[in-house]
Each structure stands twice: as structure tokens, then as C-alpha cells.
file run.cif (mmCIF, C-alpha atoms)
data_my_file
#
loop_
_atom_site.label_atom_id
_atom_site.label_comp_id
_atom_site.auth_asym_id
_atom_site.auth_seq_id
_atom_site.Cartn_x
_atom_site.Cartn_y
_atom_site.Cartn_z
CA MET P 16 115.14 1.16 0.92
CA ARG P 17 112.79 2.40 -1.76
CA ALA P 18 113.83 -0.48 -4.03
CA ASN P 19 113.07 -3.03 -1.31
CA LEU P 20 109.68 -1.40 -0.67
CA PHE P 21 108.91 -1.51 -4.38
CA VAL P 22 109.78 -5.24 -4.55
CA LEU P 23 107.63 -5.94 -1.49
CA ARG P 24 104.66 -4.11 -3.00
CA ALA P 25 105.12 -5.97 -6.28
CA MET P 26 105.17 -9.32 -4.48
CA LEU P 27 102.02 -8.45 -2.49
CA ALA P 28 100.26 -7.37 -5.69
CA LEU P 29 101.25 -10.64 -7.36
CA VAL P 30 99.94 -12.71 -4.43
CA ALA P 31 96.70 -10.72 -4.40
CA ALA P 32 96.27 -11.21 -8.13
CA LEU P 33 96.82 -14.95 -7.82
CA MET P 34 94.33 -15.19 -4.94
CA PHE P 35 91.77 -13.12 -6.84
CA GLY P 36 92.19 -15.24 -9.95
CA SER P 37 91.81 -18.44 -7.94
CA ALA P 38 88.67 -17.07 -6.35
CA LEU P 39 87.17 -16.34 -9.77
CA ALA P 40 88.09 -19.80 -11.01
CA ALA P 41 86.60 -21.54 -7.98
CA VAL P 42 83.56 -23.72 -8.41
CA PRO P 43 80.74 -22.83 -8.39
CA ASN P 44 81.18 -19.77 -10.56
CA ASN P 45 78.45 -18.55 -12.85
CA ARG P 46 80.98 -17.11 -15.27
CA ALA P 47 83.11 -20.23 -15.44
CA GLN P 48 83.02 -22.23 -18.68
CA PRO P 49 83.98 -25.83 -17.86
CA ALA P 50 86.79 -27.28 -19.94
CA TYR P 51 86.75 -24.27 -22.30
CA ALA P 52 90.52 -24.22 -22.70
CA GLU P 53 90.65 -27.96 -23.26
CA GLU P 54 87.95 -27.72 -25.90
CA GLN P 55 89.80 -24.99 -27.76
CA THR P 56 92.99 -27.06 -27.65
CA MET P 57 91.20 -30.07 -29.06
CA LEU P 58 89.62 -28.01 -31.83
CA GLN P 59 93.01 -26.66 -32.81
CA VAL P 60 94.65 -30.10 -32.78
CA GLU P 61 91.82 -31.54 -34.86
CA GLY P 62 92.16 -28.69 -37.33
CA ASP P 63 95.95 -29.09 -37.66
CA THR P 64 96.00 -32.86 -37.95
CA GLN P 65 96.50 -34.42 -41.36
CA ALA P 66 94.59 -37.61 -40.48
CA ALA P 67 90.83 -37.23 -40.34
CA GLU P 68 89.21 -38.12 -37.04
CA PRO P 69 86.72 -41.02 -37.17
CA GLY P 70 83.14 -39.85 -37.52
CA LEU P 71 80.41 -40.05 -34.92
CA THR P 72 79.21 -43.36 -36.33
CA SER P 73 82.61 -44.97 -35.81
CA LYS P 74 83.45 -46.90 -32.65
CA GLN P 75 86.95 -45.37 -32.83
CA SER P 76 85.62 -41.83 -32.52
CA GLY P 77 87.27 -39.93 -29.67
CA ARG P 78 90.81 -41.22 -29.35
CA VAL P 79 92.44 -40.34 -26.02
CA HIS P 80 91.16 -36.84 -25.20
CA MET P 81 90.57 -35.68 -28.76
CA ASP P 82 86.89 -36.36 -28.18
CA ARG P 83 83.76 -35.03 -29.81
CA HIS P 84 81.06 -37.23 -28.29
CA TYR P 85 82.93 -40.51 -27.98
CA LEU P 86 80.92 -43.45 -29.21
CA GLY P 87 83.14 -46.11 -27.68
CA GLN P 88 82.11 -48.61 -25.03
CA TYR P 89 81.11 -47.04 -21.72
CA GLY P 90 83.38 -48.14 -18.90
CA SER P 91 86.97 -49.35 -18.87
CA THR P 92 87.73 -48.50 -22.50
CA GLU P 93 86.83 -44.86 -21.84
CA ALA P 94 89.29 -44.52 -18.99
CA ASN P 95 91.71 -42.59 -21.22
CA VAL P 96 89.11 -39.96 -22.15
CA ILE P 97 90.14 -36.89 -20.21
CA VAL P 98 87.48 -34.51 -21.50
CA GLN P 99 84.22 -35.36 -23.21
CA ARG P 100 82.90 -32.21 -24.83
CA GLY P 101 79.37 -33.55 -25.10
CA GLY P 102 79.31 -33.74 -21.31
CA ASN P 103 79.69 -29.97 -21.01
CA THR P 104 76.81 -29.41 -23.40
CA TRP P 105 74.69 -31.93 -21.52
CA ARG P 106 75.41 -30.31 -18.14
CA HIS P 107 74.58 -26.81 -19.38
CA LEU P 108 71.32 -27.88 -21.04
CA ARG P 109 70.19 -30.15 -18.20
CA ASN P 110 70.90 -27.68 -15.39
CA GLY P 111 69.93 -24.66 -17.49
CA PRO P 112 66.98 -24.37 -19.88
CA ILE P 113 65.65 -27.93 -19.50
CA ALA P 114 65.53 -27.73 -15.69
CA SER P 115 64.10 -24.19 -15.79
CA ILE P 116 61.30 -25.04 -18.22
CA ALA P 117 60.48 -28.30 -16.42
CA GLY P 118 60.38 -26.60 -13.03
CA THR P 119 58.18 -23.81 -14.36
CA LEU P 120 55.66 -26.26 -15.83
CA LEU P 121 55.55 -28.31 -12.64
CA ILE P 122 54.67 -25.18 -10.67
CA VAL P 123 52.37 -23.41 -13.14
CA VAL P 124 50.15 -26.38 -14.10
CA PRO P 125 48.93 -27.13 -10.53
CA LEU P 126 48.19 -23.42 -10.06
CA LEU P 127 46.18 -23.38 -13.30
CA ILE P 128 44.22 -26.43 -12.13
CA VAL P 129 43.39 -24.71 -8.82
CA LEU P 130 42.40 -21.56 -10.71
CA PHE P 131 40.17 -23.57 -13.05
CA TYR P 132 38.52 -25.33 -10.11
CA ASN P 133 37.82 -22.06 -8.30
CA THR P 134 36.50 -20.20 -11.37
CA VAL P 135 34.80 -22.79 -13.58
CA GLY P 136 34.17 -25.43 -10.94
CA PRO P 137 33.71 -29.20 -11.15
CA ALA P 138 31.28 -31.06 -13.38
CA ARG P 139 27.62 -31.07 -12.41
CA GLU P 140 26.80 -33.82 -9.95
CA GLU P 141 23.73 -35.84 -10.81
CA PRO P 142 21.26 -37.02 -8.13
CA ARG P 143 22.01 -40.62 -7.26
CA SER P 144 19.60 -43.35 -8.29
CA GLY P 145 20.83 -45.85 -5.70
CA ARG P 146 21.40 -48.49 -8.39
CA LYS P 147 24.98 -49.58 -9.05
CA LEU P 148 26.50 -50.48 -12.40
CA GLN P 149 29.73 -52.45 -12.74
CA ARG P 150 32.35 -50.38 -14.57
CA PHE P 151 35.76 -51.89 -13.78
CA SER P 152 36.73 -55.43 -12.87
CA ARG P 153 39.04 -56.29 -10.00
CA TRP P 154 41.84 -56.91 -12.54
CA ASP P 155 41.28 -53.47 -14.13
CA MET P 156 41.62 -51.78 -10.75
CA GLN P 157 44.72 -53.77 -9.73
CA VAL P 158 46.51 -52.95 -12.98
CA HIS P 159 45.55 -49.27 -12.76
CA TRP P 160 46.66 -48.83 -9.15
CA ALA P 161 49.91 -50.76 -9.62
CA THR P 162 50.80 -48.48 -12.54
CA ALA P 163 49.65 -45.34 -10.70
CA ILE P 164 51.56 -46.08 -7.48
CA SER P 165 54.78 -46.98 -9.29
CA PHE P 166 54.41 -43.79 -11.37
CA ILE P 167 53.98 -41.63 -8.26
CA LEU P 168 57.06 -43.18 -6.60
CA LEU P 169 59.09 -42.56 -9.75
CA ALA P 170 57.81 -38.99 -10.03
CA ILE P 171 58.68 -38.09 -6.42
CA SER P 172 62.11 -39.74 -6.47
CA GLY P 173 62.86 -38.25 -9.90
CA LEU P 174 61.98 -34.74 -8.73
CA ILE P 175 64.28 -35.14 -5.73
CA LEU P 176 67.14 -36.29 -7.96
CA THR P 177 66.56 -33.45 -10.44
CA PHE P 178 65.79 -30.49 -8.18
CA GLY P 179 66.91 -31.66 -4.73
CA LYS P 180 70.26 -29.88 -4.74
CA LYS P 181 68.61 -26.54 -5.41
CA VAL P 182 65.41 -26.92 -3.39
CA MET P 183 66.11 -29.30 -0.49
CA LEU P 184 69.86 -29.21 0.16
CA PRO P 185 70.09 -25.53 1.27
CA TRP P 186 67.71 -25.99 4.22
CA MET P 187 68.22 -29.71 4.94
CA GLY P 188 71.97 -29.76 4.97
CA HIS P 189 74.22 -32.32 3.33
CA ASP P 190 73.79 -35.10 5.90
CA VAL P 191 69.99 -35.26 5.78
CA PHE P 192 69.69 -34.60 2.06
CA SER P 193 72.23 -37.32 1.26
CA TRP P 194 69.82 -39.91 2.68
CA PHE P 195 66.93 -38.57 0.61
CA ALA P 196 69.08 -38.60 -2.52
CA TYR P 197 70.43 -42.08 -1.75
CA LEU P 198 66.97 -43.57 -1.18
CA SER P 199 65.53 -41.75 -4.19
CA LYS P 200 68.21 -43.17 -6.45
CA TYR P 201 67.50 -46.76 -5.45
CA ILE P 202 63.72 -46.31 -5.46
CA HIS P 203 63.95 -44.86 -8.96
CA ASN P 204 66.24 -47.62 -10.24
CA PHE P 205 64.25 -50.52 -8.80
CA ILE P 206 60.70 -49.22 -9.35
CA GLY P 207 61.50 -48.23 -12.94
CA PRO P 208 61.41 -51.76 -14.43
CA LEU P 209 58.21 -52.47 -12.45
CA PHE P 210 56.59 -49.40 -14.01
CA VAL P 211 57.60 -50.61 -17.47
CA LEU P 212 55.96 -53.98 -16.82
CA CYS P 213 52.81 -52.36 -15.40
CA SER P 214 52.56 -50.01 -18.39
CA VAL P 215 52.72 -52.91 -20.83
CA VAL P 216 50.04 -54.85 -18.94
CA MET P 217 47.88 -51.73 -18.67
CA PHE P 218 48.14 -51.10 -22.41
CA PHE P 219 46.81 -54.52 -23.34
CA THR P 220 44.22 -54.49 -20.53
CA PHE P 221 42.53 -51.28 -21.72
CA LEU P 222 43.41 -51.31 -25.43
CA ARG P 223 40.07 -52.64 -26.72
CA ARG P 224 38.13 -49.93 -24.90
CA ASN P 225 40.21 -47.02 -26.18
CA PHE P 226 39.77 -47.08 -29.95
CA PHE P 227 38.36 -43.81 -31.28
CA HIS P 228 34.89 -43.77 -32.82
CA ARG P 229 32.93 -41.18 -34.73
CA SER P 230 30.92 -40.36 -31.61
CA ASP P 231 34.09 -39.01 -29.96
CA LEU P 232 34.06 -36.05 -32.36
CA GLU P 233 30.98 -34.56 -30.72
CA TRP P 234 32.64 -34.84 -27.31
CA VAL P 235 35.66 -32.95 -28.66
CA LYS P 236 33.47 -30.26 -30.27
CA GLN P 237 31.85 -29.56 -26.91
CA GLY P 238 35.19 -29.58 -25.08
CA GLY P 239 33.99 -32.43 -22.92
CA GLY P 240 31.56 -30.07 -21.22
CA LEU P 241 34.33 -28.92 -18.88
CA VAL P 242 33.23 -25.28 -19.09
CA SER P 243 29.56 -25.60 -20.02
CA HIS P 244 29.00 -28.42 -17.50
CA LYS P 245 26.96 -30.28 -20.10
CA HIS P 246 27.47 -34.01 -20.62
CA PRO P 247 28.27 -34.80 -24.26
CA PRO P 248 27.48 -38.37 -25.35
CA ALA P 249 30.43 -40.68 -24.68
CA GLY P 250 31.19 -44.37 -24.82
CA TYR P 251 32.92 -46.45 -22.17
CA PHE P 252 35.81 -43.96 -22.28
CA ASN P 253 35.35 -40.44 -23.59
CA ALA P 254 37.71 -38.77 -26.08
CA GLY P 255 39.72 -37.11 -23.30
CA GLU P 256 40.35 -40.42 -21.56
CA LYS P 257 41.31 -42.00 -24.87
CA ALA P 258 43.74 -39.15 -25.58
CA TRP P 259 45.32 -39.75 -22.17
CA PHE P 260 45.62 -43.47 -22.96
CA TRP P 261 47.33 -42.96 -26.34
CA MET P 262 49.39 -39.81 -25.66
CA GLY P 263 50.18 -40.39 -22.00
CA VAL P 264 50.12 -44.07 -21.08
CA THR P 265 51.29 -45.26 -24.50
CA LEU P 266 53.48 -42.58 -26.14
CA LEU P 267 55.03 -40.99 -23.05
CA GLY P 268 55.12 -44.41 -21.41
CA LEU P 269 57.26 -45.68 -24.30
CA VAL P 270 59.58 -42.67 -24.09
CA MET P 271 60.00 -43.06 -20.34
CA SER P 272 60.40 -46.84 -20.49
CA ILE P 273 62.99 -46.92 -23.28
CA THR P 274 65.10 -44.03 -22.00
CA GLY P 275 64.80 -45.27 -18.42
CA LEU P 276 66.07 -48.73 -19.33
CA VAL P 277 68.95 -47.18 -21.30
CA LEU P 278 69.94 -45.12 -18.25
CA ASN P 279 69.30 -47.87 -15.72
CA PHE P 280 71.23 -50.71 -17.35
CA ILE P 281 74.53 -49.39 -18.70
CA THR P 282 76.09 -52.76 -19.40
CA PHE P 283 74.78 -53.26 -22.94
CA GLY P 284 77.16 -51.04 -24.88
CA GLN P 285 75.54 -47.65 -24.21
CA THR P 286 77.86 -44.73 -24.88
CA ARG P 287 78.15 -41.50 -22.98
CA TYR P 288 76.57 -39.66 -25.89
CA MET P 289 73.65 -42.10 -25.94
CA LEU P 290 73.17 -41.71 -22.17
CA GLN P 291 73.15 -37.91 -22.49
CA VAL P 292 70.50 -37.94 -25.23
CA ALA P 293 68.47 -40.47 -23.22
CA ASN P 294 68.66 -38.17 -20.21
CA TYR P 295 67.34 -35.20 -22.22
CA LEU P 296 64.38 -37.24 -23.44
CA HIS P 297 63.79 -38.77 -20.00
CA ILE P 298 63.51 -35.39 -18.26
CA ILE P 299 61.34 -33.88 -21.00
CA GLY P 300 59.10 -36.96 -21.14
CA ALA P 301 58.81 -37.12 -17.35
CA THR P 302 57.79 -33.46 -17.15
CA LEU P 303 55.06 -33.87 -19.77
CA TYR P 304 53.90 -37.13 -18.16
CA ILE P 305 53.66 -35.58 -14.69
CA VAL P 306 51.76 -32.44 -15.78
CA ALA P 307 49.39 -34.55 -17.92
CA ALA P 308 48.87 -36.89 -14.96
CA MET P 309 47.94 -33.88 -12.84
CA GLY P 310 45.10 -33.13 -15.25
CA HIS P 311 44.08 -36.79 -15.31
CA ILE P 312 44.01 -36.95 -11.51
CA TYR P 313 41.98 -33.74 -11.27
CA ILE P 314 39.38 -34.92 -13.79
CA GLY P 315 39.16 -38.32 -12.09
CA THR P 316 38.62 -36.88 -8.60
CA TRP P 317 37.55 -33.31 -7.75
CA GLY P 318 36.77 -32.31 -11.32
CA THR P 319 34.20 -35.07 -11.88
CA PRO P 320 32.28 -36.06 -8.73
CA GLY P 321 31.61 -39.79 -8.73
CA ALA P 322 34.48 -40.71 -11.08
CA TYR P 323 36.86 -41.79 -8.32
CA GLU P 324 34.26 -44.24 -7.03
CA ALA P 325 34.60 -46.21 -10.28
CA MET P 326 38.31 -46.92 -9.83
CA ARG P 327 38.03 -47.27 -6.07
CA HIS P 328 35.16 -49.74 -5.90
CA GLY P 329 34.67 -50.76 -9.53
CA THR P 330 31.06 -49.54 -9.62
CA VAL P 331 29.27 -46.29 -10.43
CA ASP P 332 25.79 -45.03 -9.79
CA GLU P 333 23.46 -45.66 -12.72
CA ALA P 334 22.56 -41.96 -12.94
CA TRP P 335 26.26 -41.06 -13.16
CA ALA P 336 26.80 -43.58 -15.97
CA LYS P 337 23.80 -42.26 -17.90
CA ALA P 338 24.95 -38.64 -17.57
CA HIS P 339 28.70 -38.99 -18.25
CA HIS P 340 28.84 -42.04 -20.53
CA SER P 341 25.40 -42.26 -22.08
CA LEU P 342 26.48 -44.39 -25.07
CA TRP P 343 28.15 -46.93 -22.79
CA TYR P 344 25.08 -46.88 -20.54
CA GLU P 345 22.87 -47.82 -23.49
CA GLN P 346 25.29 -50.57 -24.48
CA ALA P 347 25.36 -51.88 -20.91
CA LYS P 348 21.53 -52.01 -20.89
CA GLN P 349 21.70 -54.25 -23.96
CA GLY P 350 24.47 -56.42 -22.55
CA ILE P 351 27.14 -55.30 -25.04
CA ALA P 352 30.71 -55.53 -23.76
CA PRO P 353 32.72 -52.26 -23.68
CA GLY P 354 34.40 -51.68 -27.02
CA GLY P 355 32.18 -54.23 -28.70
CA ALA P 356 30.25 -53.88 -31.92
CA PRO P 357 26.98 -51.91 -31.93
CA PRO P 358 23.81 -53.92 -31.31
CA PRO P 359 22.22 -55.54 -34.34
CA THR P 360 19.23 -53.78 -35.88
CA PRO P 361 16.01 -55.55 -34.87
CA PRO P 362 13.96 -57.00 -37.75
CA SER P 363 11.18 -54.81 -39.13
CA SER P 364 7.58 -55.52 -38.03
CA SER P 365 6.42 -55.52 -41.68
CA THR P 366 8.06 -58.90 -42.22
CA GLY P 367 5.75 -60.47 -39.71
CA SER P 368 8.56 -61.53 -37.39
CA LYS P 369 8.58 -60.57 -33.79
CA ALA P 370 11.12 -58.16 -32.41
CA PRO P 371 13.13 -59.54 -29.50
CA PRO P 372 12.01 -58.41 -26.08
CA PRO P 373 13.97 -55.47 -24.61
CA SER P 374 16.91 -56.35 -22.39
CA PRO P 375 16.46 -55.78 -18.69
CA ARG P 376 17.89 -52.64 -17.13
CA PRO P 377 21.21 -53.10 -15.34
CA GLY P 378 20.66 -54.25 -11.82
CA PRO P 379 22.84 -54.14 -8.74
CA ALA P 380 26.50 -55.06 -9.28
CA HIS P 381 27.63 -58.35 -7.73
#

call {"tool": "encode", "arguments": {"input": "run.cif", "output": "C-alpha cells"}}
result
Amino acid sequence: MRANLFVLRAMLALVAALMFGSALAAVPNNRAQPAYAEEQTMLQVEGDTQAAEPGLTSKQSGRVHMDRHYLGQYGSTEANVIVQRGGNTWRHLRNGPIASIAGTLLIVVPLLIVLFYNTVGPAREEPRSGRKLQRFSRWDMQVHWATAISFILLAISGLILTFGKKVMLPWMGHDVFSWFAYLSKYIHNFIGPLFVLCSVVMFFTFLRRNFFHRSDLEWVKQGGGLVSHKHPPAGYFNAGEKAWFWMGVTLLGLVMSITGLVLNFITFGQTRYMLQVANYLHIIGATLYIVAAMGHIYIGTWGTPGAYEAMRHGTVDEAWAKAHHSLWYEQAKQGIAPGGAPPPTPPSSSTGSKAPPPSPRPGPAH
């Protein structure tokens, strides 16, 4: 009797241990290390083998499941890859530190902008003169808004794809969130190439007006007058706008365009390793682009009264132009195109020649 009771207790303990172990191994589990045992097995096999594995630059790297990053063709030829160790690293970095830092920046930066607005306040608003000055052409505005709208759609859909599972799924439920994720995926994939095209057109449209000049140094020294509320002399675009053009539209635009195309079109020989690296750069670039765009939007709207009118209607008040872009205002008075050469020096009166009559002040925009 005692022997039977002992056997019964032992069997119950064994079942409980198996159930407890299965519970610990269930996904999700914060302590679980995906494919850890498989990775250790592969390391041991690679260490014991007499034949050296092909290097990372070889197309034969990663035979069967002895895989380091696998640089073979993505698709059917990778069907025999059971475990790709680079995928574990990618998942941990993407869902861990990269997502945490990106999420923190996307929350902190808007709060800092609100704090700056409430403490320092917007730029000083000049009394209107009632005279309008043409600043942007219809083509300028169309290119800007096409790029801006495609960027906003990509930003929203990208945020849903990156953080939706953690932020939206718990309170939406799987059925509703699946539609948001599904639509976001297709919006992101189809709007992406349009954004690339718009960025290229925008670069060449505004390139001539965004070269740095010596006068930009004074604007930088005064911090753009953001805190002092003074208006440093500036050309058609000030140094801050030029920095946004080169660092945001151009540099980050290149990063986002190249990595986005690599991730979007996976039929040109991309490898899993290449896609993982592209994904790192895409998330990091997108985060920097979005937070920089927040600053750009603030400066172009609430932070600088009258600035939004320029991109909305193409015109600005003459007093606004004189205060915020005094060098461009003087050029406009003399009929010099934005980004053009400085006006020629008028001949001296000692030579007996007459100086040309002054150019008329800018009149109403047509």
C-alpha cells in the first residue's frame, strides 16, 4: 500500500514538473532565450568541423541550419534554413533598446516643444503692412505638400506597425487591430515609393535656395533669435531651414528611401541579413526624421506667426519678410532671384556716370 502511494506521488510530482516546465517555456516569456539551444549546437558543430564554413561574404554561407547570418538568396533557396541566428539578434534589438529609445524620443520631444512654447513663447509678431510679397510659387507649394502628406501617412502607418501590438492591441482587441495593421502595411508599402519620388523632386526644386552663405553664421551665433525673440539677418532661407533641408530632407531622406526600397522590394537578391540591417537603419532614421519634423512643423506654424501663410498661400506680408528674412527682402526689392548672385556695385559718382535709379519696392503679389 505504501509502495503504491509512493509511486502515485512520484507520478503526480513528475506531471506537475512537466506542466511547470511547459509553463515556463511558453511564449511569451521574458526569461526565454529563443533558439538558445540550437545556437549552442551550431557553435559546437562549427567548432568541431574540419572544413571551414564559408565566410559572410560568400553566397554559400549558412548551409542547412549551420547558419551565421546566411547571405544566400532570400526565398526558396533559404527553405532549408531552420534557424537564422541573426534573426534572434534582430528581434531582441528591434523590440528592445531600439524600440525603447525610439518610443522615448517620440514622447519626450513633443513635450519639450510644448514646454518651450509655454516658457519662451513664439517669435515676436510684427505689425502687418498690408502689402504682400510673393515667396513660394504654386509648384513650390505642390511639391512641399505632396512630400509632407506622404511623410505624415508613412509616419502614422509606421508607428502603428512598430508600436501597435504594445499600445493599440491590448485595448482594441485582435479583430479591430488586425484591420489597422493590415491597412497600415499596405499604406506604408504603396506610399513609400511616392515619398521617394517626392523627396527627389523636392531636393532639386529647393536646392538652389539652400546653399550656405557667410551671412548664415550670424544667424547661428544668435541661435535664430528663438530665445531672444530678435530677428537675425537671413536670406531666402535661414540657417535653420537650410540645416533641415540638408540633414532632414536630404540625408535622412536618403536613409529612409534606400532602406525602405530594400525592405519593400525583396525580389532583387536581398538577404535576410541585409533586410535586418536595413530595418535597424529604417527605424532609427524614421525616429530622427519624425522628431526633426516636429521641430520643423512647430517653427513653421505656432513658433513663427505668419510663416504658415507662406506655404499655404505662397505670399507673406512685407513687414514679416523684412523682419524674418531681411537679406532676402532687400534682394527682392532689387529684383534678384532667391539664391542668385548679390547685386552689382553701382558705378561711383566721381566717374561722371549716373547711378541707375533705385528699383521699385515690391508691390502686391499677382

call {"tool": "atom_distance", "arguments": {"input": "run.cif", "atom1": "CA of Trp154 (chain P)", "atom2": "CA of Gly329 (chain P)"}}
result
9.9 Å

call {"tool": "residues_around", "arguments": {"input": "run.cif", "residues": "Arg229 (chain P)", "least_positions_apart": "6", "cutoff": "12 Å", "atoms": "all atoms listed in the file", "output": "ChimeraX atom specification"}}
result
/P:235-236,248-250,253-254

call {"tool": "closest_residue", "arguments": {"input": "run.cif", "among": "P:Phe178, P:Phe221, P:Phe280, P:Trp317", "to": "Tyr251 (chain P)", "atoms": "all atoms listed in the file"}}
result
P:Phe221

call {"tool": "closest_residue", "arguments": {"input": "run.cif", "among": "P:Ile164, P:Leu130, P:Val123, P:Leu148", "to": "Glu333 (chain P)", "atoms": "all atoms listed in the file"}}
result
P:Leu148

call {"tool": "closest_residue", "arguments": {"input": "run.cif", "among": "P:Ser172, P:Asn133, P:Thr162, P:Ser230", "to": "Ser214 (chain P)", "atoms": "all atoms listed in the file"}}
result
P:Thr162

call {"tool": "atom_distance", "arguments": {"input": "run.cif", "atom1": "CA of Gly315 (chain P)", "atom2": "CA of Leu269 (chain P)"}}
result
23.0 Å

call {"tool": "atom_distance", "arguments": {"input": "run.cif", "atom1": "CA of Arg146 (chain P)", "atom2": "CA of His328 (chain P)"}}
result
14.0 Å

call {"tool": "closest_residue", "arguments": {"input": "run.cif", "among": "P:Gly118, P:Leu169, P:His203, P:Trp335", "to": "Val182 (chain P)", "atoms": "all atoms listed in the file"}}
result
P:Gly118

call {"tool": "closest_atom_pairs", "arguments": {"input": "run.cif", "of": "region 173-271 of chain P", "to": "region 293-306 of chain P", "cutoff": "10 Å", "atoms": "all atoms listed in the file", "output": "JSON lines"}}
result
{"residue": "P:Gly173", "atom": "CA", "partner": "P:Ala301", "partner_atom": "CA", "distance": 8.6}
{"residue": "P:Leu174", "atom": "CA", "partner": "P:Ala301", "partner_atom": "CA", "distance": 9.5}
{"residue": "P:Thr177", "atom": "CA", "partner": "P:Ile298", "partner_atom": "CA", "distance": 8.6}
{"residue": "P:Trp259", "atom": "CA", "partner": "P:Tyr304", "partner_atom": "CA", "distance": 9.8}
{"residue": "P:Met262", "atom": "CA", "partner": "P:Tyr304", "partner_atom": "CA", "distance": 9.2}
{"residue": "P:Gly263", "atom": "CA", "partner": "P:Tyr304", "partner_atom": "CA", "distance": 6.3}
{"residue": "P:Val264", "atom": "CA", "partner": "P:Tyr304", "partner_atom": "CA", "distance": 8.4}
{"residue": "P:Leu266", "atom": "CA", "partner": "P:Gly300", "partner_atom": "CA", "distance": 9.4}
{"residue": "P:Leu267", "atom": "CA", "partner": "P:Gly300", "partner_atom": "CA", "distance": 6.0}
{"residue": "P:Gly268", "atom": "CA", "partner": "P:Tyr304", "partner_atom": "CA", "distance": 8.1}
{"residue": "P:Leu269", "atom": "CA", "partner": "P:Gly300", "partner_atom": "CA", "distance": 9.5}
{"residue": "P:Val270", "atom": "CA", "partner": "P:Gly300", "partner_atom": "CA", "distance": 6.4}
{"residue": "P:Met271", "atom": "CA", "partner": "P:His297", "partner_atom": "CA", "distance": 5.7}

call {"tool": "write_last_selection", "arguments": {"input": "run.cif", "atoms": "C-alpha atoms", "output": "JSON list (two decimals), in the coordinates of the input"}}
result
[["chain", "number", "residue", "atom", "x", "y", "z"],
["P", 173, "GLY", "CA", 62.86, -38.25, -9.90],
["P", 174, "LEU", "CA", 61.98, -34.74, -8.73],
["P", 177, "THR", "CA", 66.56, -33.45, -10.44],
["P", 259, "TRP", "CA", 45.32, -39.75, -22.17],
["P", 262, "MET", "CA", 49.39, -39.81, -25.66],
["P", 263, "GLY", "CA", 50.18, -40.39, -22.00],
["P", 264, "VAL", "CA", 50.12, -44.07, -21.08],
["P", 266, "LEU", "CA", 53.48, -42.58, -26.14],
["P", 267, "LEU", "CA", 55.03, -40.99, -23.05],
["P", 268, "GLY", "CA", 55.12, -44.41, -21.41],
["P", 269, "LEU", "CA", 57.26, -45.68, -24.30],
["P", 270, "VAL", "CA", 59.58, -42.67, -24.09],
["P", 271, "MET", "CA", 60.00, -43.06, -20.34]]

call {"tool": "residues_near_point", "arguments": {"input": "run.cif", "point": "(52.6, -50.3, -10.8)", "cutoff": "9 Å", "atoms": "all atoms listed in the file", "output": "list of chain:residue names"}}
result
P:Gln157, P:Val158, P:His159, P:Trp160, P:Ala161, P:Thr162, P:Ala163, P:Ile164, P:Ser165, P:Phe166, P:Ile206, P:Leu209, P:Phe210, P:Val211, P:Leu212, P:Cys213, P:Ser214
